[in-house]
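These notes are about the structure you will find just below.
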Amino acid sequence: MKYDFIVVGSGFAGATVAERLASKYNKKVLVVEKRNHIGGNMYDEFDEYGFLIQKYGPHLFFTNSDIVLDYVGQFDELVQHDCFMLSEIEGKYIQLPFNFKSVEQMLGYKEARIIIDCIRKNYDCSKRISIYSLMDSNNKVISEFGHFLYKKAFETYICKQWGIKPNDISKDVIDRCKFSPNYVSRYLDKDFQYMPRNGFTYLISKMLENHNITVELNVDANSHISIINNKVFYDNCCVPIIYTGSIDSLLDFKYGKLPYRSLSFETNYYFQRKKLPAEIISQPSDPYYIRKTEYKYFSPFIVHTNEDITVVVSEKPYQYDYSKNSIQCYPIINDNNNRIYKYYYDELSQIKNLFLVGRLAEYKYYNMDYVILNALNLADCLGEDENNV
């Protein structure tokens, strides 16, 4: 084997490990990708009208980490972009993140003032608040509002997005959307919020543009991988493998299939300057769709020759099916699925030349900055340990 490492997958996890090993440690790396393109679910491309469309749903690069920011900034210019969203609830557009403005929009100014005053007296309003904290509050006004907001905005969305009842999904997943106890309209509560000027596919292609890296597309790595005596082999060669694919498929689903939610996308063009009141609209009240994105304004720094046309992509969730050509978007995190994952992890952790990283391999609902940071740490451990080569 002419490679020091094999990386399975070319999303941010795989690309980061490969780039770091190749550039910092001068290792020869083979990156194998099952799809016909690099980038994983970050993949984007320009359509015929010049709109940069993210094929698997909208992604924004955001982080509080200077390390991650500096690392990603090496590969493309990062353009500051604060994302502003609305939630469409029963025909009305409501501020998102849910904040004091949202309370006024849903309940009217007079009732909202009572709730806002109670929240200000009972919480540190410099920090966002869990919906569960609002519902469980000892203050009756706050608790009633928490249950009202949960019913209107969370419950229906959760059931539709995840295909299960709210009690069957981890509270940590639901807590990704917190209440903002102020009038701040910036959706993400992160210091740094950017878009790569040329898109995520371009950025990742620059990460993999190294003489030590070889990329092979349309390769099902699992058909080349075998596990013998607690060692992993690729085409009968014992070589360190960094695996970012679904962990259950690596062991032929012997403990059962880990469930995911997938998405289908509907693209519509409109011959008008602007269609939506915000670049992204969350849709808790819609019976089918969860979100729609107007990509013309999601990448506002891109100049378009024809301003009198726009594009909106709507997303509909469904249960991922291993037998069909769908994508694994969101791991369904709960106690039962975590137990199944642990069976796989406990067995695979015995293999000394196999390393798991990323959403699918770790079965975690990670944001991309955590994926990148974990991948950087893994690459440094591997690069500095000569026993892995």
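Just so we're on the same page: first chain in the structure tokens is A, next is B, and so on; residues restart at 1 for each chain, and ligands are numbered from 1 in the order they show up.
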Contact residues around stretch 334-351 of chain A with only C-alpha atoms at 6 Å, ignoring same-chain residues under 6 positions, as number ranges by chain = A: 169-170, 230-231
Next, the residues of the selection above should be written as a tab-separated table (two decimals), in the first residue's frame with N, CA and C atoms.
chain	number	residue	atom	x	y	z
A	169	ILE	N	-37.19	11.82	21.50
A	169	ILE	CA	-35.97	12.41	20.96
A	169	ILE	C	-35.23	13.08	22.12
A	170	SER	N	-33.91	13.07	22.08
A	170	SER	CA	-33.12	13.66	23.15
A	170	SER	C	-33.45	15.15	23.33
A	230	ASN	N	-9.00	-8.20	14.97
A	230	ASN	CA	-8.93	-6.85	15.53
A	230	ASN	C	-8.01	-5.90	14.76
A	231	LYS	N	-7.90	-6.15	13.46
A	231	LYS	CA	-7.21	-5.22	12.57
A	231	LYS	C	-8.09	-4.98	11.36
Residue neighbourhood stretch 258-275 of chain A, 6 Å, only C-alpha atoms, exclusion window fewer than 4 positions, as a list in words =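 That gives Glu307, Asp308, Ile309, Thr310, Val311, Val312, Val313, Ser314, Glu315, Lys316, Pro317, Tyr318, Gln319, Tyr320, Ile327, Gln328, Cys329, Tyr330, Pro331 and Ile332 of chain A.
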Run DSSP on the backbone and give me the residues of stretch 8-178 of chain A it puts in alpha helix (DSSP H), as JSON, numbers by chain.
-> {"A": [12, 13, 14, 15, 16, 17, 18, 19, 20, 21, 22, 23, 24, 66, 67, 68, 69, 70, 71, 72, 100, 101, 102, 103, 104, 105, 106, 107, 109, 110, 111, 112, 113, 114, 115, 116, 117, 118, 119, 120, 121, 122, 131, 132, 133, 134, 135, 140, 141, 142, 143, 144, 145, 146, 147, 148, 149, 156, 157, 158, 159, 160, 161, 162, 171, 172, 173, 174]}
Please produce a file of those selected residues containing C-alpha atoms, as a CSV table (one decimal), in the first residue's frame.
chain,number,residue,atom,x,y,z
A,12,PHE,CA,-15.6,18.2,6.6
A,13,ALA,CA,-14.5,15.4,8.9
A,14,GLY,CA,-12.6,13.4,6.3
A,15,ALA,CA,-11.3,16.4,4.4
A,16,THR,CA,-9.9,18.0,7.6
A,17,VAL,CA,-8.1,14.9,8.7
A,18,ALA,CA,-6.7,14.3,5.2
A,19,GLU,CA,-5.5,17.9,4.8
A,20,ARG,CA,-3.8,18.0,8.2
A,21,LEU,CA,-2.0,14.7,7.8
A,22,ALA,CA,-0.9,15.6,4.3
A,23,SER,CA,0.2,19.2,4.9
A,24,LYS,CA,1.5,19.2,8.5
A,66,ASP,CA,-10.6,31.0,16.9
A,67,ILE,CA,-8.7,27.7,16.0
A,68,VAL,CA,-11.5,26.5,13.7
A,69,LEU,CA,-12.0,30.0,12.2
A,70,ASP,CA,-8.3,30.3,11.4
A,71,TYR,CA,-8.1,26.8,10.0
A,72,VAL,CA,-11.1,27.1,7.6
A,100,PHE,CA,-39.3,39.2,23.0
A,101,LYS,CA,-40.3,40.4,19.6
A,102,SER,CA,-41.8,36.9,18.9
A,103,VAL,CA,-43.9,37.2,22.1
A,104,GLU,CA,-45.3,40.5,20.9
A,105,GLN,CA,-46.1,39.1,17.5
A,106,MET,CA,-47.9,36.0,18.8
A,107,LEU,CA,-49.7,37.5,21.8
A,109,TYR,CA,-48.0,44.0,23.1
A,110,LYS,CA,-50.1,44.2,26.3
A,111,GLU,CA,-49.9,40.5,27.2
A,112,ALA,CA,-46.3,40.3,25.9
A,113,ARG,CA,-45.2,43.0,28.4
A,114,ILE,CA,-46.4,40.9,31.3
A,115,ILE,CA,-44.4,37.8,30.1
A,116,ILE,CA,-41.3,39.8,29.2
A,117,ASP,CA,-41.2,41.5,32.6
A,118,CYS,CA,-41.5,38.1,34.3
A,119,ILE,CA,-38.7,36.6,32.2
A,120,ARG,CA,-36.4,39.6,32.9
A,121,LYS,CA,-37.0,39.2,36.7
A,122,ASN,CA,-36.3,35.4,36.7
A,131,ILE,CA,-37.8,25.8,26.2
A,132,TYR,CA,-37.9,23.2,29.0
A,133,SER,CA,-36.7,25.8,31.5
A,134,LEU,CA,-39.5,28.1,30.5
A,135,MET,CA,-42.1,25.3,30.8
A,140,LYS,CA,-47.0,30.6,36.4
A,141,VAL,CA,-46.9,33.3,33.7
A,142,ILE,CA,-43.6,32.0,32.4
A,143,SER,CA,-44.6,28.4,32.5
A,144,GLU,CA,-47.9,29.0,30.7
A,145,PHE,CA,-46.0,30.9,28.0
A,146,GLY,CA,-43.4,28.1,27.7
A,147,HIS,CA,-46.1,25.5,27.1
A,148,PHE,CA,-47.9,27.8,24.7
A,149,LEU,CA,-44.7,28.3,22.6
A,156,THR,CA,-45.5,20.0,15.5
A,157,TYR,CA,-42.1,20.7,14.1
A,158,ILE,CA,-40.5,17.9,16.2
A,159,CYS,CA,-43.0,15.3,15.2
A,160,LYS,CA,-42.7,16.2,11.5
A,161,GLN,CA,-38.9,16.6,11.5
A,162,TRP,CA,-38.1,13.5,13.4
A,171,LYS,CA,-33.8,17.0,24.9
A,172,ASP,CA,-30.3,18.1,23.8
A,173,VAL,CA,-31.5,18.0,20.1
A,174,ILE,CA,-34.6,20.1,20.9
Give me the residues within 10 Å of A:Pro300 as JSON, numbers by chain, counting only C-alpha atoms and dropping any in the same chain fewer than 5 places off.
-> {"A": [51, 79, 81, 195, 279, 295]}
Which of A:Cys238, A:Gly73, A:Ser285, A:Ile372 sits closest to A:Ser226 [using only C-alpha atoms] =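 The closest residue to A:Ser226 is A:Cys238.
If you look at atom CA of A:Glu362 and atom CA of A:Val31, they are 18.8 Å away from each other.
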By how many Å are atom CA of A:Leu360 and atom CA of A:Phe154 apart?
->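 A separation of 25.2 Å between them.
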Shortest interatomic distance to A:Arg359 - which of A:Val303, A:Asn41, A:Asp124, A:Tyr234, counting only C-alpha atoms |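 Counting only C-alpha atoms, the residue closest to A:Arg359 is A:Asn41.
Taking atom CA of A:Ser65 and atom CA of A:Val7 as endpoints, the distance between them is 24.7 Å.
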